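Chemist: protein-v4.cif is the file, holding mmCIF, C-alpha atoms, pLDDT in the B column; chains and numbers go by the auth columns:
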```
data_input
#
loop_
_atom_site.group_PDB
_atom_site.id
_atom_site.type_symbol
_atom_site.label_atom_id
_atom_site.label_comp_id
_atom_site.label_asym_id
_atom_site.label_seq_id
_atom_site.Cartn_x
_atom_site.Cartn_y
_atom_site.Cartn_z
_atom_site.B_iso_or_equiv
_atom_site.auth_seq_id
_atom_site.auth_asym_id
ATOM 1 C CA MET A 1 -33.453 11.662 26.217 55.00 149 C
ATOM 2 C CA GLU A 2 -32.385 13.321 22.977 77.00 150 C
ATOM 3 C CA ASP A 3 -29.104 14.456 24.533 79.00 151 C
ATOM 4 C CA LYS A 4 -28.290 10.909 25.630 73.00 152 C
ATOM 5 C CA ALA A 5 -29.010 9.579 22.140 71.00 153 C
ATOM 6 C CA MET A 6 -26.776 12.271 20.625 63.00 154 C
ATOM 7 C CA VAL A 7 -23.928 11.390 22.980 58.00 155 C
ATOM 8 C CA GLN A 8 -24.254 7.696 22.126 68.00 156 C
ATOM 9 C CA TYR A 9 -24.249 8.547 18.416 61.00 157 C
ATOM 10 C CA LEU A 10 -21.091 10.646 18.756 61.00 158 C
ATOM 11 C CA ILE A 11 -19.356 7.903 20.726 68.00 159 C
ATOM 12 C CA SER A 12 -20.241 5.337 18.069 68.00 160 C
ATOM 13 C CA GLN A 13 -18.897 7.670 15.380 79.00 161 C
ATOM 14 C CA GLN A 14 -15.628 7.994 17.293 84.00 162 C
ATOM 15 C CA HIS A 15 -15.392 4.189 17.475 88.00 163 C
ATOM 16 C CA TYR A 16 -15.845 3.910 13.693 92.00 164 C
ATOM 17 C CA TYR A 17 -13.278 6.652 13.146 92.00 165 C
ATOM 18 C CA PHE A 18 -10.796 4.886 15.428 93.00 166 C
ATOM 19 C CA ALA A 19 -11.427 1.584 13.593 94.00 167 C
ATOM 20 C CA LEU A 20 -10.795 3.290 10.236 96.00 168 C
ATOM 21 C CA LYS A 21 -7.502 4.716 11.497 96.00 169 C
ATOM 22 C CA LEU A 22 -6.482 1.361 12.949 97.00 170 C
ATOM 23 C CA PHE A 23 -7.391 -0.506 9.740 97.00 171 C
ATOM 24 C CA SER A 24 -5.375 2.010 7.711 98.00 172 C
ATOM 25 C CA ALA A 25 -2.305 1.774 9.940 98.00 173 C
ATOM 26 C CA LEU A 26 -2.413 -2.033 9.936 98.00 174 C
ATOM 27 C CA GLY A 27 -3.069 -2.159 6.187 98.00 175 C
ATOM 28 C CA CYS A 28 -0.099 0.102 5.476 98.00 176 C
ATOM 29 C CA GLY A 29 2.086 -2.025 7.732 98.00 177 C
ATOM 30 C CA LEU A 30 0.971 -5.236 6.073 98.00 178 C
ATOM 31 C CA ILE A 31 1.597 -3.855 2.587 98.00 179 C
ATOM 32 C CA ALA A 32 4.971 -2.491 3.727 98.00 180 C
ATOM 33 C CA GLY A 33 5.875 -6.024 4.820 98.00 181 C
ATOM 34 C CA VAL A 34 4.925 -7.505 1.456 98.00 182 C
ATOM 35 C CA PHE A 35 6.942 -4.890 -0.417 98.00 183 C
ATOM 36 C CA PHE A 36 9.845 -5.258 2.044 98.00 184 C
ATOM 37 C CA ALA A 37 9.956 -9.012 1.393 98.00 185 C
ATOM 38 C CA PHE A 38 10.180 -8.420 -2.341 98.00 186 C
ATOM 39 C CA SER A 39 12.877 -5.781 -1.913 97.00 187 C
ATOM 40 C CA THR A 40 15.036 -7.793 0.457 97.00 188 C
ATOM 41 C CA PHE A 41 14.913 -11.341 -0.869 98.00 189 C
ATOM 42 C CA VAL A 42 12.259 -12.266 -3.444 98.00 190 C
ATOM 43 C CA MET A 43 13.697 -10.178 -6.279 98.00 191 C
ATOM 44 C CA ASN A 44 17.245 -11.240 -5.354 98.00 192 C
ATOM 45 C CA ALA A 45 16.174 -14.881 -5.533 98.00 193 C
ATOM 46 C CA LEU A 46 14.522 -14.335 -8.911 98.00 194 C
ATOM 47 C CA ALA A 47 17.655 -12.568 -10.194 98.00 195 C
ATOM 48 C CA ARG A 48 19.709 -15.686 -9.389 98.00 196 C
ATOM 49 C CA LEU A 49 17.608 -17.787 -11.756 98.00 197 C
ATOM 50 C CA GLN A 50 18.145 -18.090 -15.485 98.00 198 C
ATOM 51 C CA PRO A 51 16.183 -15.287 -17.230 98.00 199 C
ATOM 52 C CA ALA A 52 13.512 -17.648 -18.602 98.00 200 C
ATOM 53 C CA GLN A 53 12.947 -19.131 -15.143 98.00 201 C
ATOM 54 C CA GLY A 54 12.913 -15.724 -13.447 98.00 202 C
ATOM 55 C CA ILE A 55 10.470 -14.332 -16.006 98.00 203 C
ATOM 56 C CA THR A 56 8.188 -17.348 -15.665 98.00 204 C
ATOM 57 C CA ALA A 57 8.222 -17.086 -11.868 98.00 205 C
ATOM 58 C CA MET A 58 7.534 -13.338 -11.873 98.00 206 C
ATOM 59 C CA GLN A 59 4.767 -13.713 -14.445 98.00 207 C
ATOM 60 C CA SER A 60 3.171 -16.278 -12.138 98.00 208 C
ATOM 61 C CA ILE A 61 3.562 -13.993 -9.106 98.00 209 C
ATOM 62 C CA ASN A 62 1.978 -11.113 -11.025 98.00 210 C
ATOM 63 C CA ILE A 63 -1.046 -13.272 -11.815 98.00 211 C
ATOM 64 C CA THR A 64 -1.475 -14.797 -8.366 98.00 212 C
ATOM 65 C CA VAL A 65 -1.110 -11.496 -6.509 98.00 213 C
ATOM 66 C CA ILE A 66 -4.468 -10.491 -7.960 97.00 214 C
ATOM 67 C CA ASN A 67 -6.509 -12.382 -5.396 98.00 215 C
ATOM 68 C CA PRO A 68 -9.345 -11.279 -3.103 98.00 216 C
ATOM 69 C CA LEU A 69 -7.335 -11.209 0.120 98.00 217 C
ATOM 70 C CA PHE A 70 -4.377 -9.189 -1.141 98.00 218 C
ATOM 71 C CA MET A 71 -6.548 -6.860 -3.199 98.00 219 C
ATOM 72 C CA ALA A 72 -8.878 -6.250 -0.226 98.00 220 C
ATOM 73 C CA VAL A 73 -5.916 -5.093 1.859 98.00 221 C
ATOM 74 C CA PHE A 74 -4.180 -3.150 -0.925 98.00 222 C
ATOM 75 C CA LEU A 75 -7.287 -1.413 -2.301 98.00 223 C
ATOM 76 C CA GLY A 76 -9.106 -1.263 1.040 98.00 224 C
ATOM 77 C CA THR A 77 -6.174 0.564 2.600 98.00 225 C
ATOM 78 C CA ALA A 78 -6.185 3.018 -0.304 98.00 226 C
ATOM 79 C CA ALA A 79 -9.923 3.649 0.137 98.00 227 C
ATOM 80 C CA ALA A 80 -9.500 4.085 3.887 98.00 228 C
ATOM 81 C CA CYS A 81 -6.619 6.518 3.310 98.00 229 C
ATOM 82 C CA ILE A 82 -8.781 8.574 0.958 98.00 230 C
ATOM 83 C CA LEU A 83 -11.433 8.824 3.670 97.00 231 C
ATOM 84 C CA LEU A 84 -8.846 9.650 6.329 97.00 232 C
ATOM 85 C CA GLY A 85 -7.179 12.261 4.130 97.00 233 C
ATOM 86 C CA ILE A 86 -10.487 14.043 3.576 97.00 234 C
ATOM 87 C CA SER A 87 -11.416 13.641 7.222 95.00 235 C
ATOM 88 C CA SER A 88 -8.093 15.066 8.377 96.00 236 C
ATOM 89 C CA LEU A 89 -8.739 18.228 6.388 97.00 237 C
ATOM 90 C CA LEU A 90 -12.224 18.549 7.864 95.00 238 C
ATOM 91 C CA ARG A 91 -10.866 17.911 11.374 93.00 239 C
ATOM 92 C CA TRP A 92 -7.657 19.877 10.955 95.00 240 C
ATOM 93 C CA HIS A 93 -7.989 21.454 14.411 94.00 241 C
ATOM 94 C CA GLN A 94 -8.008 18.035 16.122 92.00 242 C
ATOM 95 C CA PRO A 95 -4.911 16.275 17.433 91.00 243 C
ATOM 96 C CA GLY A 96 -3.245 13.972 14.924 93.00 244 C
ATOM 97 C CA ALA A 97 -4.852 15.482 11.828 96.00 245 C
ATOM 98 C CA ALA A 98 -1.497 16.328 10.250 97.00 246 C
ATOM 99 C CA TYR A 99 -0.247 12.781 10.845 97.00 247 C
ATOM 100 C CA LEU A 100 -3.426 11.362 9.317 97.00 248 C
ATOM 101 C CA LEU A 101 -2.999 13.500 6.223 98.00 249 C
ATOM 102 C CA LEU A 102 0.710 12.694 5.938 98.00 250 C
ATOM 103 C CA GLY A 103 0.163 8.958 6.383 98.00 251 C
ATOM 104 C CA SER A 104 -2.697 8.924 3.906 98.00 252 C
ATOM 105 C CA LEU A 105 -0.701 10.795 1.277 98.00 253 C
ATOM 106 C CA LEU A 106 2.367 8.623 1.785 98.00 254 C
ATOM 107 C CA TYR A 107 0.345 5.500 1.109 98.00 255 C
ATOM 108 C CA LEU A 108 -1.768 6.921 -1.699 98.00 256 C
ATOM 109 C CA VAL A 109 1.118 8.533 -3.583 98.00 257 C
ATOM 110 C CA GLY A 110 4.161 6.530 -2.487 98.00 258 C
ATOM 111 C CA SER A 111 2.687 3.034 -2.482 98.00 259 C
ATOM 112 C CA PHE A 112 -0.570 2.935 -4.402 98.00 260 C
ATOM 113 C CA GLY A 113 0.388 5.623 -6.928 98.00 261 C
ATOM 114 C CA VAL A 114 3.874 4.234 -7.565 98.00 262 C
ATOM 115 C CA THR A 115 2.332 0.796 -8.110 98.00 263 C
ATOM 116 C CA ILE A 116 -0.031 2.112 -10.770 98.00 264 C
ATOM 117 C CA VAL A 117 2.391 4.472 -12.503 98.00 265 C
ATOM 118 C CA PHE A 118 5.601 2.430 -12.393 98.00 266 C
ATOM 119 C CA ASN A 119 5.340 -1.191 -11.223 98.00 267 C
ATOM 120 C CA MET A 120 2.171 -2.160 -13.104 98.00 268 C
ATOM 121 C CA PRO A 121 3.439 -0.984 -16.519 98.00 269 C
ATOM 122 C CA LEU A 122 6.645 -2.950 -15.927 98.00 270 C
ATOM 123 C CA ASN A 123 4.558 -6.008 -15.010 98.00 271 C
ATOM 124 C CA GLU A 124 2.427 -5.574 -18.124 98.00 272 C
ATOM 125 C CA ALA A 125 5.519 -5.375 -20.333 98.00 273 C
ATOM 126 C CA LEU A 126 6.898 -8.524 -18.711 98.00 274 C
ATOM 127 C CA ALA A 127 3.581 -10.333 -19.240 98.00 275 C
ATOM 128 C CA ARG A 128 3.834 -9.730 -23.003 98.00 276 C
ATOM 129 C CA VAL A 129 7.203 -11.442 -23.508 98.00 277 C
ATOM 130 C CA GLU A 130 7.943 -15.096 -24.016 98.00 278 C
ATOM 131 C CA PRO A 131 10.246 -16.237 -21.202 98.00 279 C
ATOM 132 C CA ASP A 132 12.601 -18.096 -23.577 97.00 280 C
ATOM 133 C CA SER A 133 12.946 -15.243 -26.088 97.00 281 C
ATOM 134 C CA SER A 134 15.916 -12.929 -26.530 96.00 282 C
ATOM 135 C CA ILE A 135 13.549 -9.978 -26.035 97.00 283 C
ATOM 136 C CA GLY A 136 12.479 -11.524 -22.733 97.00 284 C
ATOM 137 C CA ALA A 137 16.072 -11.964 -21.595 96.00 285 C
ATOM 138 C CA SER A 138 16.900 -8.388 -22.560 96.00 286 C
ATOM 139 C CA LEU A 139 13.825 -7.016 -20.777 97.00 287 C
ATOM 140 C CA TRP A 140 14.468 -9.118 -17.665 98.00 288 C
ATOM 141 C CA SER A 141 17.675 -7.369 -16.581 95.00 289 C
ATOM 142 C CA SER A 142 16.171 -3.879 -16.865 97.00 290 C
ATOM 143 C CA TYR A 143 12.922 -5.119 -15.314 98.00 291 C
ATOM 144 C CA LEU A 144 14.746 -6.423 -12.241 98.00 292 C
ATOM 145 C CA ALA A 145 16.576 -3.145 -11.673 98.00 293 C
ATOM 146 C CA ASN A 146 13.684 -0.767 -12.370 98.00 294 C
ATOM 147 C CA TRP A 147 10.936 -2.763 -10.654 98.00 295 C
ATOM 148 C CA THR A 148 13.064 -3.217 -7.543 98.00 296 C
ATOM 149 C CA ILE A 149 13.941 0.476 -7.265 98.00 297 C
ATOM 150 C CA TRP A 150 10.258 1.431 -7.424 98.00 298 C
ATOM 151 C CA ASN A 151 9.435 -1.351 -4.992 98.00 299 C
ATOM 152 C CA HIS A 152 11.946 0.073 -2.484 98.00 300 C
ATOM 153 C CA ILE A 153 10.072 3.370 -2.721 98.00 301 C
ATOM 154 C CA ARG A 154 6.719 1.618 -2.219 98.00 302 C
ATOM 155 C CA ALA A 155 8.027 -0.250 0.820 98.00 303 C
ATOM 156 C CA ALA A 156 9.494 2.874 2.427 98.00 304 C
ATOM 157 C CA ALA A 157 6.346 4.903 1.740 99.00 305 C
ATOM 158 C CA ALA A 158 4.042 2.217 3.169 99.00 306 C
ATOM 159 C CA LEU A 159 6.217 1.875 6.283 98.00 307 C
ATOM 160 C CA ALA A 160 6.342 5.651 6.784 98.00 308 C
ATOM 161 C CA ALA A 161 2.565 5.788 6.256 98.00 309 C
ATOM 162 C CA ALA A 162 2.052 3.083 8.890 98.00 310 C
ATOM 163 C CA ALA A 163 4.249 5.010 11.320 98.00 311 C
ATOM 164 C CA SER A 164 2.458 8.301 10.684 98.00 312 C
ATOM 165 C CA LEU A 165 -0.980 6.734 11.055 98.00 313 C
ATOM 166 C CA THR A 166 0.126 5.003 14.247 97.00 314 C
ATOM 167 C CA ILE A 167 1.287 8.317 15.660 97.00 315 C
ATOM 168 C CA ALA A 168 -2.109 9.765 14.748 96.00 316 C
ATOM 169 C CA LEU A 169 -3.804 6.910 16.611 93.00 317 C
ATOM 170 C CA CYS A 170 -1.768 7.681 19.716 92.00 318 C
ATOM 171 C CA ASP A 171 -1.953 11.495 19.511 80.00 319 C
ATOM 172 C CA ARG A 172 -4.541 12.680 21.987 67.00 320 C
ATOM 173 C CA GLY A 173 -3.270 16.249 22.121 53.00 321 C
ATOM 174 C CA ALA A 174 -1.171 15.635 25.235 41.00 322 C
#
```
Rewrite the coordinates I just gave you, this time as structure tokens.
Modeler:
Amino acid sequence: MEDKAMVQYLISQQHYYFALKLFSALGCGLIAGVFFAFSTFVMNALARLQPAQGITAMQSINITVINPLFMAVFLGTAAACILLGISSLLRWHQPGAAYLLLGSLLYLVGSFGVTIVFNMPLNEALARVEPDSSIGASLWSSYLANWTIWNHIRAAAALAAAASLTIALCDRGA
């Protein structure tokens, strides 16, 4: 009876592990889509507005993005990638471990890390300016260029992470 219980336990652990990998792959893909939208049309639309209007709109976006649903996906994917990265090192001999590590690092460094190190400080600087001020107008042009470049990197990293994690999901050592 103990052997049967152990087998059932191991199977349940594999199900949780699969669910964690699936959540991570889907989370990376979802975040890649959000960043892709900003890179391909949202920032271009904001750039077409007068600086005061663009600043006001982006300030509003930066406030409303901090909501439970988006943050659960953005931060939850980061937490899942931390767990998968550690797990991949502990299971290095298993199929897909390298893809799990690569995908986790791509998301953690290329999307989450870039957000914290580059995009958030730009957002904080934009939040401090008055939209109608000359300082705001001056900041806006450099903000658009710099924020968008870093957003392209975030989008590409999240998409590559989703692809790598999906490969890991499919890799059964065939």
Chemist: Tell me, as number ranges by chain, which residues lie within 7 Å of C:Tyr255, counting all atoms listed in the file; anything in the same chain fewer than 3 positions away does not count.
Modeler: C: 176, 251-252, 258-260, 305-306, 309
Chemist: Neighbouring residues of C:Leu274 were defined as those with any atom within 8 Å, considering all atoms listed in the file; residues of the same chain fewer than 6 positions away were excluded. Please report them as a PyMOL selection string.
Modeler: chain C and resi 203+207+284+287-288+291
Chemist: Dump C-alpha atoms for the selected residues as a tab-separated table (two decimals), in the frame of the given file?
Modeler:
```
chain	number	residue	atom	x	y	z
C	203	ILE	CA	10.47	-14.33	-16.01
C	207	GLN	CA	4.77	-13.71	-14.44
C	284	GLY	CA	12.48	-11.52	-22.73
C	287	LEU	CA	13.82	-7.02	-20.78
C	288	TRP	CA	14.47	-9.12	-17.66
C	291	TYR	CA	12.92	-5.12	-15.31
```
Chemist: For each of C:Ile315, C:Met268, C:Val213, C:Leu237, take the minimum atom-to-atom distance to C:Ala173, counting all atoms listed in the file, then give the residue where this is smallest.
Modeler: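 Under the stated criterion, the closest residue is C:Ile315.
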Chemist: Hey, which of C:Thr296, C:Asn210, C:Ser236, C:Gln201 ends up closest to C:Leu250? Count all atoms listed in the file.
Modeler: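 Of all the options, C:Ser236 lies closest to C:Leu250.
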Chemist: Evaluate the PyMOL selection byres ((chain C and resi 230) around 12) against this structure - the residues, as a PyMOL selection string, please.
Modeler: chain C and resi 168-169+172+223-229+231-237+248-257+260
Chemist: Taking the file above as input, evaluate the PyMOL selection byres ((chain C and resi 243) around 12) and report the hits as a ChimeraX atom specification.
Modeler: /C:236-237,239-242,244-249,315-322
Chemist: Could you state the separation of atom CA of C:Phe266 and atom CA of C:Ser290 in Å, given to one decimal place?
Modeler: 13.1 Å
Chemist: I'd like to see the residues matched by the PyMOL selection byres ((chain C and resi 199) around 10) on this file, and ideally I'd get them as a compact mmCIF listing (two decimals) with C-alpha atoms, keeping the file's coordinate frame.
Modeler:
```txt
# COMPACT_ATOMS: atom_id res chain seq x y z
CA LEU C 194 14.52 -14.34 -8.91
CA ALA C 195 17.66 -12.57 -10.19
CA ARG C 196 19.71 -15.69 -9.39
CA LEU C 197 17.61 -17.79 -11.76
CA GLN C 198 18.14 -18.09 -15.48
CA ALA C 200 13.51 -17.65 -18.60
CA GLN C 201 12.95 -19.13 -15.14
CA GLY C 202 12.91 -15.72 -13.45
CA ILE C 203 10.47 -14.33 -16.01
CA THR C 204 8.19 -17.35 -15.66
CA ALA C 205 8.22 -17.09 -11.87
CA PRO C 279 10.25 -16.24 -21.20
CA ASP C 280 12.60 -18.10 -23.58
CA SER C 281 12.95 -15.24 -26.09
CA SER C 282 15.92 -12.93 -26.53
CA GLY C 284 12.48 -11.52 -22.73
CA ALA C 285 16.07 -11.96 -21.60
CA SER C 286 16.90 -8.39 -22.56
CA LEU C 287 13.82 -7.02 -20.78
CA TRP C 288 14.47 -9.12 -17.66
CA SER C 289 17.68 -7.37 -16.58
```
